[in-house]
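**Student:** Below is the file start11.txt, with compact mmCIF, C-alpha atoms.
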```txt
# COMPACT_ATOMS: atom_id res chain seq x y z
CA MET L 71 75.13 -11.70 -47.36
CA SER L 72 78.05 -12.71 -49.57
CA PHE L 73 78.17 -11.92 -53.26
CA SER L 74 77.93 -15.66 -54.06
CA ALA L 75 74.82 -15.96 -51.90
CA GLN L 76 73.23 -13.00 -53.72
CA VAL L 77 73.99 -14.55 -57.11
CA LYS L 78 72.56 -17.91 -56.01
CA GLU L 79 69.43 -16.20 -54.70
CA GLU L 80 68.92 -14.50 -58.07
CA LEU L 81 69.58 -17.72 -59.99
CA ASN L 82 67.05 -19.63 -57.88
CA GLU L 83 64.40 -17.00 -58.66
CA ILE L 84 64.52 -17.93 -62.36
CA ASN L 85 61.31 -19.74 -63.22
CA VAL L 86 61.89 -22.83 -65.36
CA LYS L 87 58.85 -24.05 -67.24
CA SER L 88 59.95 -27.15 -69.16
CA ASN L 89 60.44 -30.48 -67.42
CA CYS L 90 63.62 -31.22 -69.37
CA CYS L 91 65.25 -28.07 -67.96
CA LYS L 92 64.00 -28.86 -64.44
CA LYS L 93 65.67 -32.27 -64.73
CA ALA L 94 68.84 -30.59 -65.98
CA PHE L 95 68.87 -28.32 -62.91
CA LEU L 96 68.42 -31.39 -60.70
CA PHE L 97 71.31 -33.15 -62.46
CA GLY L 98 73.51 -30.08 -61.97
CA VAL L 99 72.82 -30.04 -58.24
CA ILE L 100 73.27 -33.81 -58.08
CA MET L 101 76.87 -33.38 -59.24
CA ALA L 102 77.55 -32.51 -55.57
CA ALA L 103 75.99 -35.75 -54.28
CA GLU L 104 77.43 -39.06 -53.25
CA ILE L 105 75.92 -42.51 -53.01
CA ILE L 106 76.07 -44.05 -49.56
CA GLY L 107 74.72 -47.58 -49.50
CA GLU L 108 71.63 -47.33 -51.65
CA GLU L 109 70.88 -43.69 -50.84
CA ILE L 110 71.83 -40.50 -52.61
CA VAL L 111 73.16 -38.03 -50.06
CA LEU L 112 73.58 -34.33 -50.74
CA ASN L 113 74.75 -31.51 -48.46
CA LEU L 114 73.67 -28.02 -49.53
CA THR L 115 74.43 -24.74 -47.79
CA ASP L 116 72.10 -22.48 -49.79
CA LYS L 117 68.54 -22.60 -48.46
CA ASN L 118 67.02 -21.38 -51.75
CA THR L 119 68.79 -24.16 -53.64
CA VAL L 120 67.44 -26.72 -51.14
CA GLU L 121 63.90 -25.43 -51.69
CA LYS L 122 64.18 -25.37 -55.50
CA PHE L 123 65.85 -28.81 -55.59
CA CYS L 124 63.17 -30.38 -53.36
CA TYR L 125 60.38 -28.72 -55.35
CA TYR L 126 61.71 -30.05 -58.68
CA LEU L 127 62.52 -33.47 -57.23
CA LYS L 128 58.93 -33.82 -56.04
CA ALA L 129 57.45 -32.39 -59.27
CA ILE L 130 59.51 -34.57 -61.63
CA TYR L 131 60.24 -37.78 -59.70
CA LYS L 132 57.57 -37.70 -56.94
CA ILE L 133 60.35 -37.93 -54.31
CA GLU L 134 60.47 -36.05 -51.04
CA PRO L 135 63.98 -36.31 -49.62
CA GLU L 136 64.65 -36.67 -45.92
CA GLN L 137 66.05 -33.37 -44.67
CA ASN L 138 68.37 -32.86 -41.71
CA GLU L 139 69.75 -29.49 -40.66
CA ILE L 140 73.45 -29.45 -39.75
CA ASN L 141 74.75 -26.62 -37.57
CA ARG L 142 78.44 -26.36 -36.76
CA GLY L 143 79.09 -22.88 -35.41
CA CYS L 144 78.65 -20.45 -38.29
CA TYR L 145 78.44 -23.33 -40.81
CA LYS L 146 74.89 -24.39 -41.64
CA SER L 147 73.79 -26.88 -44.24
CA THR L 148 70.95 -29.19 -45.11
CA ARG L 149 71.60 -32.87 -45.65
CA LEU L 150 69.19 -34.42 -48.13
CA SER L 151 68.89 -38.17 -48.60
CA PHE L 152 66.67 -40.16 -50.93
CA ARG L 153 66.59 -43.07 -53.37
CA SER L 154 66.16 -42.85 -57.12
CA SER L 155 67.36 -45.29 -59.75
CA LYS L 156 67.20 -42.59 -62.48
CA ILE L 157 69.42 -40.22 -60.53
CA CYS L 158 71.80 -43.04 -59.55
CA GLU L 159 72.05 -43.82 -63.26
CA PHE L 160 73.08 -40.22 -63.96
CA LEU L 161 75.62 -40.23 -61.11
CA SER L 162 77.14 -43.45 -62.44
CA PHE L 163 77.39 -41.84 -65.86
CA SER L 164 78.99 -38.70 -64.40
CA ASP L 165 81.56 -40.80 -62.53
CA THR L 166 82.69 -42.53 -65.75
CA PHE L 167 82.34 -39.59 -68.16
CA SER L 168 85.20 -39.45 -70.68
CA SER L 169 84.10 -36.69 -73.09
CA ASP L 170 84.36 -39.01 -76.10
CA ASP L 171 81.72 -38.92 -78.84
CA GLU L 172 79.70 -41.72 -77.24
CA ASP L 173 79.53 -39.96 -73.85
CA GLU L 174 78.69 -36.66 -75.55
CA GLU L 175 75.75 -38.42 -77.24
CA ILE L 176 74.59 -39.84 -73.89
CA MET L 177 74.92 -36.38 -72.38
CA TYR L 178 72.56 -35.07 -75.04
CA ASN L 179 69.89 -37.42 -73.60
CA TYR L 180 70.22 -35.60 -70.26
CA LEU L 181 70.70 -32.08 -71.63
CA CYS L 182 68.69 -31.95 -74.82
CA CYS L 183 68.61 -28.19 -75.47
CA ASP L 184 70.71 -25.09 -74.83
CA ASN L 185 68.36 -24.08 -72.01
CA CYS L 186 69.00 -27.48 -70.38
CA LYS L 187 72.73 -26.78 -70.44
CA ILE L 188 72.15 -23.42 -68.76
CA ALA L 189 69.87 -25.02 -66.14
CA PHE L 190 72.47 -27.74 -65.48
CA LEU L 191 75.24 -25.18 -64.95
CA ARG L 192 72.94 -23.10 -62.76
CA GLY L 193 72.27 -26.15 -60.58
CA ALA L 194 75.95 -27.07 -60.37
CA PHE L 195 76.86 -23.52 -59.39
CA CYS L 196 74.07 -23.23 -56.81
CA ALA L 197 75.16 -26.50 -55.22
CA ARG L 198 78.96 -26.11 -55.18
CA GLY L 199 79.93 -22.82 -56.78
CA THR L 200 81.43 -19.56 -55.59
CA ILE L 201 82.00 -16.22 -57.25
CA SER L 202 83.65 -13.08 -55.96
CA ASP L 203 82.37 -9.56 -56.45
CA PRO L 204 83.83 -8.45 -59.80
CA GLN L 205 84.27 -4.92 -58.43
CA LYS L 206 86.81 -6.24 -55.88
CA SER L 207 88.48 -9.08 -57.75
CA TYR L 208 87.28 -11.87 -59.96
CA SER L 209 87.08 -15.55 -59.17
CA PHE L 210 84.54 -18.13 -60.31
CA GLU L 211 84.61 -21.82 -59.47
CA ILE L 212 82.47 -24.90 -59.18
CA LYS L 213 83.93 -27.51 -56.86
CA SER L 214 83.73 -31.15 -57.82
CA SER L 215 84.33 -34.34 -55.87
CA SER L 216 86.00 -36.08 -58.81
CA GLY L 217 87.92 -35.36 -61.98
CA THR L 218 85.33 -37.03 -64.18
CA ARG L 219 82.54 -34.89 -62.77
CA ALA L 220 84.68 -31.79 -63.26
CA MET L 221 85.30 -32.87 -66.87
CA LEU L 222 81.54 -33.30 -67.42
CA ILE L 223 80.81 -29.82 -66.05
CA HIS L 224 83.60 -28.40 -68.21
CA SER L 225 82.21 -30.10 -71.33
CA VAL L 226 78.83 -28.44 -70.76
CA PHE L 227 80.54 -25.03 -70.69
CA GLU L 228 81.97 -25.61 -74.18
```
Reformat the file's structure so that it appears as structure tokens.

**Tutor:**
Amino acid sequence: MSFSAQVKEELNEINVKSNCCKKAFLFGVIMAAEIIGEEIVLNLTDKNTVEKFCYYLKAIYKIEPEQNEINRGCYKSTRLSFRSSKICEFLSFSDTFSSDDEDEEIMYNYLCCDNCKIAFLRGAFCARGTISDPQKSYSFEIKSSSGTRAMLIHSVFE
């Protein structure tokens, strides 16, 4: 198991109690999604993240996404697809984020406490992040499909 996979496993074991922080985790994972037609489509490689995401999605929004396993040699992922106007609204916001005062205020509606910010970053990392073992070298990244989404993630770090 890679170091990144171990870190993701530990992060997914964290029990989140408040609904606002569960939503924040969902929004962090959603940063890796795309909208195809009217569906939100998400490909995740970490099985624990898939389980946590589906659990929170059902608990908060009463949505059970369609799941399809994708196997390409040693590459395995789960493709999740579902519909949700609330999550589409967040994705639209993330695709136009400009880090001005108005967008920062809107962001506060999605991430209303410091724990929400942590949950959001945890979700973003579990969906698209990697980290190397600090005893060998050090590298940490969260991939993003667009510059505006990367800017949003960066603004949460600040």

**Student:** Name all residues at most 7 Å from Glu211 (chain L) (count only C-alpha atoms; drop same-chain ones fewer than 4 positions away) and give them as a list in words.

**Tutor:** Gly199, Thr200 and Ile201 of chain L

**Student:** How about saving the chosen residues, C-alpha atoms kept, as an mmCIF file, in the frame of the given file?

**Tutor:**
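Listing of part-v1.cif after writing:
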```cif
data_model
loop_
_atom_site.group_PDB
_atom_site.id
_atom_site.type_symbol
_atom_site.label_atom_id
_atom_site.label_comp_id
_atom_site.auth_asym_id
_atom_site.auth_seq_id
_atom_site.Cartn_x
_atom_site.Cartn_y
_atom_site.Cartn_z
ATOM 1 C CA GLY L 199 79.930 -22.820 -56.780
ATOM 2 C CA THR L 200 81.430 -19.560 -55.590
ATOM 3 C CA ILE L 201 82.000 -16.220 -57.250
#
```

**Student:** Any idea what's packed within 12 Å of Tyr125 (chain L), counting all atoms listed in the file, ignoring anything in its chain fewer than 6 positions away? Could you give it as a ChimeraX atom specification?

**Tutor:** /L:82,85-86,92-93,95-96,118-119,131-135

**Student:** Find the spatial neighbours of Cys158 (chain L), counting all atoms listed in the file, within a cut-off of 10 Å - ignore same-chain residues fewer than 5 positions away - and output them as number ranges by chain.

**Tutor:** L: 100, 103-105, 108-110, 153, 163-164

**Student:** How many Å separate CA of Glu121 (chain L) from CA of Asn138 (chain L)?

**Tutor:**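 Between CA of Glu121 (chain L) and CA of Asn138 (chain L) the gap is 13.2 Å.
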
**Student:** Which one is closest to Ser154 (chain L): L:Val120, L:Leu127, L:Cys91, L:Met221? Count all atoms listed in the file.

**Tutor:**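 Distance minimum relative to Ser154 (chain L) lands on L:Leu127.
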
**Student:** Under the rule that only C-alpha atoms are counted, which of L:Lys156, L:Arg142, L:Lys87, L:Arg149 is the nearest residue to Tyr126 (chain L)?

**Tutor:**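 The answer is L:Lys87, which sits nearest to Tyr126 (chain L).
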
**Student:** I'd like the interatomic distance between CA of Glu174 (chain L) and CA of Ile130 (chain L), to a tenth of an Å.

**Tutor:**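 Value for the CA of Glu174 (chain L)-CA of Ile130 (chain L) distance: 23.8 Å.
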
**Student:** Counting only C-alpha atoms, which residue out of L:Ile84, L:Leu114, L:Leu161, L:Val99 sits closest to Lys146 (chain L)?

**Tutor:**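 Closest to Lys146 (chain L), using only C-alpha atoms: L:Leu114.
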
**Student:** Which one is closest to Lys187 (chain L): L:Ser151, L:Gln205, L:Ser225, L:Asn113? Count all atoms listed in the file.

**Tutor:**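 Checking each of L:Ser151, L:Gln205, L:Ser225, L:Asn113 against Lys187 (chain L), counting all atoms listed in the file, the winner is L:Ser225.
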
**Student:** Work out how far CA of Ile212 (chain L) is from CA of Asn185 (chain L), in Å to one decimal.

**Tutor:**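 Rounded to one decimal, the two atoms are 19.1 Å apart.
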
**Student:** Which residues are near Leu191 (chain L)? Cut-off 8 Å, all atoms listed in the file, ignore same chain within fewer than 4 positions. Put them as number ranges by chain.

**Tutor:** L: 95, 98, 187, 195, 223, 226-227

**Student:** Let me make sure I understand: among L:Ile140, L:Cys196, L:Met101, L:Asp171, which one has the smallest atom-to-atom distance to Leu222 (chain L) if we use only C-alpha atoms?

**Tutor:**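 For Leu222 (chain L), the nearest of the candidates is L:Met101.
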
**Student:** List the spatial neighbours of Ser215 (chain L) as an MDAnalysis selection string - criterion: any atom at most 8 Å away, only C-alpha atoms, same-chain residues fewer than 3 positions off excluded.

**Tutor:** chainID L and resid 102 219:220

**Student:** L:Leu150, L:Cys183, L:Ala194, L:Met177: which is nearest Ser88 (chain L), counting only C-alpha atoms?

**Tutor:** L:Cys183
